[in-house]
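Reading through the structure tokens given below for one structure.
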Amino acid sequence: MKITVRDIANLVNGDIIGDADAIIMAPSKIEEGQPGTVSFFSNPKYESYLYTTKATAILIQKDFALKNQVNSSLILVENVQEAFGKLLQTFNYQPTPTHLISKLASVHDSATLGENTQVGDFVVIKNNTVIGSDCTIHDQVYIGEHVVIGDHTIIYPGVKIYRHTVIGSHCIVHSNTVIGSDGFGFSPNSEGSFTKIPQIGNVVIEDNVEIGANSVIDRATLGSTVIKKGVKLDNLIQIAHNVTIGNNTVIAAQTGVAGSTSIGENCLIGGQVGIAGHSKIVENTMIQAKSGISGDIKQPGRKLYGYPALDYQNYLKSYAYFKNLDKLVDKIRKLEKELDFIKTKNESNV
Amino acid sequence: MKITVRDIANLVNGDIIGDADAIIMAPSKIEEGQPGTVSFFSNPKYESYLYTTKATAILIQKDFALKNQVNSSLILVENVQEAFGKLLQTFNYQPTPTHLISKLASVHDSATLGENTQVGDFVVIKNNTVIGSDCTIHDQVYIGEHVVIGDHTIIYPGVKIYRHTVIGSHCIVHSNTVIGSDGFGFSPNSEGSFTKIPQIGNVVIEDNVEIGANSVIDRATLGSTVIKKGVKLDNLIQIAHNVTIGNNTVIAAQTGVAGSTSIGENCLIGGQVGIAGHSKIVENTMIQAKSGISGDIKQPGRKLYGYPALDYQNYLKSYAYFKNLDKLVDKIRKLEKELDFIKTKNESNV
Amino acid sequence: MKITVRDIANLVNGDIIGDADAIIMAPSKIEEGQPGTVSFFSNPKYESYLYTTKATAILIQKDFALKNQVNSSLILVENVQEAFGKLLQTFNYQPTPTHLISKLASVHDSATLGENTQVGDFVVIKNNTVIGSDCTIHDQVYIGEHVVIGDHTIIYPGVKIYRHTVIGSHCIVHSNTVIGSDGFGFSPNSEGSFTKIPQIGNVVIEDNVEIGANSVIDRATLGSTVIKKGVKLDNLIQIAHNVTIGNNTVIAAQTGVAGSTSIGENCLIGGQVGIAGHSKIVENTMIQAKSGISGDIKQPGRKLYGYPALDYQNYLKSYAYFKNLDKLVDKIRKLEKELDFIKTKNESNV
């Protein structure tokens with residue numbers, strides 16, 4: 001692929017300083033920029049590379065004050081990240097669809113597939129399932145009975161979707177993720193073992209949701225486990241039965257949300273976080289990686305950290321003291337000695 | 001599906017207060033109860049819904065003292081959870097088996113399948129494997145060489161079972177779980193890298209075990225990794241080589257048990273717990289979510305919490321002080337000042 | 001399989017004390033040793049079994065000073081672990097390859113497979129992919145477009161490898177692991193939701209790497225996520241986009257490494273560790289299980305522990321005080337009282 005600096009400026013609605021006709025063949029990281037590539041600069045940590053990179057062109061913030069001479073052409077934009085995202089889309093790999101429904105797939109007669117929906121090899125689609133148009137169901141995917149999927153949704157190889165799951169439009173689910181497996185529900189019985197509580201609910205995933213690889217979203221005991229519009233879930237995440245996650249909430253890898261918890265919209269949740277069952281987390285909550293949340297979070301906009309989690313600054317402060325507990329203990333010992341000395345002296349004074 | 005309140009009362013061995021002939025079409029959560037549904041009430045947190053729900057009938061504890069008028073018919077039972085579990089079973093989805101052994105499966109000639117055992121599309125069953133009767137081997141499952149599976153066991157789509165694994169009867173394994181992968185064993189060699197230690201043992205899973213989705217149980221180096229009767233494992237769990245888990249122990253999602261550790265029976269282990277290798281955890285141990293266990297637990301019935309774990313109440317107490325370490329430091333500073341003042345005064349008194 | 005003690009001594013280059021002609025049919029753990037088996041002794045914790053085991057032969061360190069009579073034949077070696085590894089290899093299960101390329105696989109015409117490479121049932125190999133010689137691609141594996149795999153590499157059932165991934169020679173990837181899924185990259189947009197940043201980089205895995213089951217390695221946004229020579233990754237591990245892991249680093253199960261972090265060579269990282277994004281961890285770093293690393297580690301050879309991590313001994317020391325914070329508080333209270341008493345007395349003395 002070959003485009004000019006001018007083409008890129010047009011694409012991202014930017015202004016050019018330098019050679020508009022220079023040829024660009026690939027994007028690059030600024031620290032690895034080579035002639036013929038276009039880089040971007042947004043993180044101040046990388047400013048030194050701005051003046052040394054061999055990249056032919058650089059996307060840069062409109063009003064950025066240069067401190068030195070830059071050898072590359074500059075493309076000035078309002079929002080570097082957004083512009084670079086657009087640019088990457090241009091260079092993104094576009095597989096050519098080879099066949100619509102693979103002859104090596106097993107699609108039940110009662111399943112309905114929309115226009116231009118592609119189904120890969122060794123896919124299984126069970127009875128009464130309805131898939132919209134322009135979807136890509138990659139190889140080796142399993143879609144159970146009575147599933148409904150919207151339009152323009154991509155399901156990567158090996159994903160397993162249990163019966164009665166509902167998935168919206170413009171969703172992406174990465175490989176080997178499991179959606180709709182039984183919630184973890186058992187009741188202790190008189191023999192000292194556990195009886196399975198049937199999980200007869202389902203999973204509902206709304207539009208524009210992306211889910212990473214090897215994650216699990218369990219079906220509800222009754223009703224639905226709900227992942228709302230625009231939610232982004234990373235890899236290896238556990239979402240238990242009857243959880244609800246609000247619009248545009250983002251959760252990083254290996255986090256687990258226990259049963260019946262609801263999370264509000266626009267939350268940012270780090271990796272390896274654990275959230276206890278039956279909790280209510282309000283909107284705009286930020287949770288630092290590896291934190292443990294053991295109950296409701298009622299006030300929006302809090303930033304939490306620790307196990308169990310405190311307000312971010314409070315955890316940092318307490319942890320700073322924790323690191324120096326030996327010095328604290330020394331001080332107490334010193335106080336005890338001094339006090340003993342004073343007491344002894346006072347007594348001898350009597 | 002339509003049944004009467006009387007039918008349900010018969011099913012769960014309950015007594016009716018109200019209309020025994022009312023028609024029930026589905027179960028519901030009490031806070032979402034609609035006419036034509038049956039709910040249950042067991043968690044006191046939800047008592048207000050008892051008096052406002054539109055559910056036609058409610059399963060309730062025999063001796064529960066009502067505080068207000070209830071509009072629904074009541075079905076009085078000894079154990080609400082158990083009764084509701086039975087009820088859910090009645091309403092549970094029952095897929096109709098379409099064909100016994102799919103023509104799209106690859107089953108080795110030397111494999112043996114019991115009566116009524118169903119094998120889905122794109123399943124692989126290798127040589128010398130023996131599967132009992134009334135099992136369901138869902139689509140895209142892999143079962144390696146010399147595996148033995150009992151009766152009435154359900155293996156969900158995408159599960160991979162390595163050679164020589166033994167699985168009992170009435171087990172359930174959810175999608176994309178891996179059983180029998182190599183234990184993580186390497187010995188450092190003279191070149192500064194690691195040589196693989198062959199893992200020639202296997203995995204043995206006894207009867208009535210349920211395992212969630214995307215979990216991993218590694219084969220033993222020598223001998224067996226053993227999951228005993230009635231164990232329930234949630235999603236994304238790691239069980240390393242040569243681990244033993246005792247009867248009826250329950251482990252929540254994303255917990256990891258390192259190599260050669262043994263866990264006793266009737267333990268309750270929360271999510272995201274980590275248990276170090278070569279540990280012995282006795283029976284009836286409770287471990288709070290996210291805790292880290294770094295050695296043996298020898299006294300039964302302990303409840304543990306923290307990283308590394310302490311007794312539950314002790315961790316809570318220490319953590320309460322941790323949260324207020326700044327105040328403790330202030331107190332020490334104040335003591336130091338006062339003591340300085342006294343010392344100065346005493347000296348000036350001399 | 002039957003070999004003599006002499007055969008084993010030859011294999012591991014060891015000296016025999018006892019019956020060189022005794023027949024060995026299987027390896028065993030020393031605490032479970034039976035006649036006809038060969039055990040090994042290296043962990044001092046198990047010394048009592050040395051004198052009581054029924055194993056016919058025992059691999060033991062050359063210069064080990066016996067405290068009692070041993071009934072088994074002894075095979076004296078330099079390095080017990082390494083010798084036992086070799087021995088296990090001898091007894092390891094060797095599946096007989098049945099057919100080279102399964103007729104039930106879907107291999108694109110433009111894909112190239114080296115000599116003796118075996119492809120299982122329901123495997124998908126996409127266009128322009130090149131696989132070396134003597135590889136085993138097990139059943140139900142997916143290998144996307146433009147993938148390159150070296151020689152003697154084993155890919156277990158259900159692994160999914162996205163387009164443009166590069167994997168070296170002598171690698172092992174266990175079941176249902178996902179390689180090359182999209183990095184977790186989104187930029188907030190003006191509508192309050194997130195726009196996907198295309199992930200156009202790839203994953204590069206060098207020679208002699210082993211990866212456990214159900215792990216995930218994301219592709220880079222730009223450039224490559226790199227796993228260098230001899231790295232060993234356990235199960236359920238998360239490696240985010242643009243991470244680099246140095247030669248011979250070993251990482252235990254359920255650990256997560258966030259985006260753009262680089263880890264040096266010869267590091268030992270425990271299970272359930274979390275490492276924040278954009279961190280640089282130098283070579284020879286040891287990280288205790290469940291620790292959280294929130295920034296750069298610049299000095300080689302440190303051993304880290306805690307959340308966030310401190311030097312190992314420091315964390316242990318602080319945690320010891322943490323456990324006894326109640327006693328510290330008592331001491332402070334006592335000091336306060338005594339000081340009050342002294343102050344009151346001093347004042348009354350005035």
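Letters A, B, ... go to the chains of the structure tokens in the order shown; residues in each chain start at 1; ligands are counted from 1 in the same order.
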With 6 Å as the limit and counting only C-alpha atoms, what residues in chain A lie close to chain B? Please list them as a short mmCIF file (atom, residue, chain, number, x, y, z; two decimals) with N, CA and C atoms, in the first residue's frame.
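Written out: out.cif:
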```cif
data_model
loop_
_atom_site.label_atom_id
_atom_site.label_comp_id
_atom_site.auth_asym_id
_atom_site.auth_seq_id
_atom_site.Cartn_x
_atom_site.Cartn_y
_atom_site.Cartn_z
N SER A 193 -23.40 -32.95 50.30
CA SER A 193 -22.85 -32.53 49.00
C SER A 193 -23.75 -31.42 48.43
N ILE A 197 -28.28 -26.00 41.00
CA ILE A 197 -29.45 -25.17 40.72
C ILE A 197 -29.48 -24.90 39.22
N PRO A 198 -30.50 -25.38 38.54
CA PRO A 198 -30.53 -25.17 37.08
C PRO A 198 -30.44 -23.69 36.74
N ILE A 200 -31.55 -21.27 34.20
CA ILE A 200 -32.46 -21.24 33.06
C ILE A 200 -32.54 -19.86 32.41
N SER A 318 -1.57 4.96 53.34
CA SER A 318 -1.45 3.88 54.32
C SER A 318 -0.33 2.92 53.93
#
```
*Just list the residues in segment 44-231 of chain B DSSP gives strand (DSSP E or B) on the backbone, as a ChimeraX atom specification.*
/B:57-61,73-77,101,106-107,112-113,118-119,124-125,130-131,136-137,142-143,148-149,154-155,160-161,166-167,172-173,178-181,186-188,194-196,202-205,210-211,216-218,224-227
*At what distance in Å, to one decimal, does atom CA of Asn43 of chain C lie from atom CA of Arg302 of chain B?*
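Atom-to-atom, atom CA of Arg302 of chain B and atom CA of Asn43 of chain C are spaced 29.3 Å apart.
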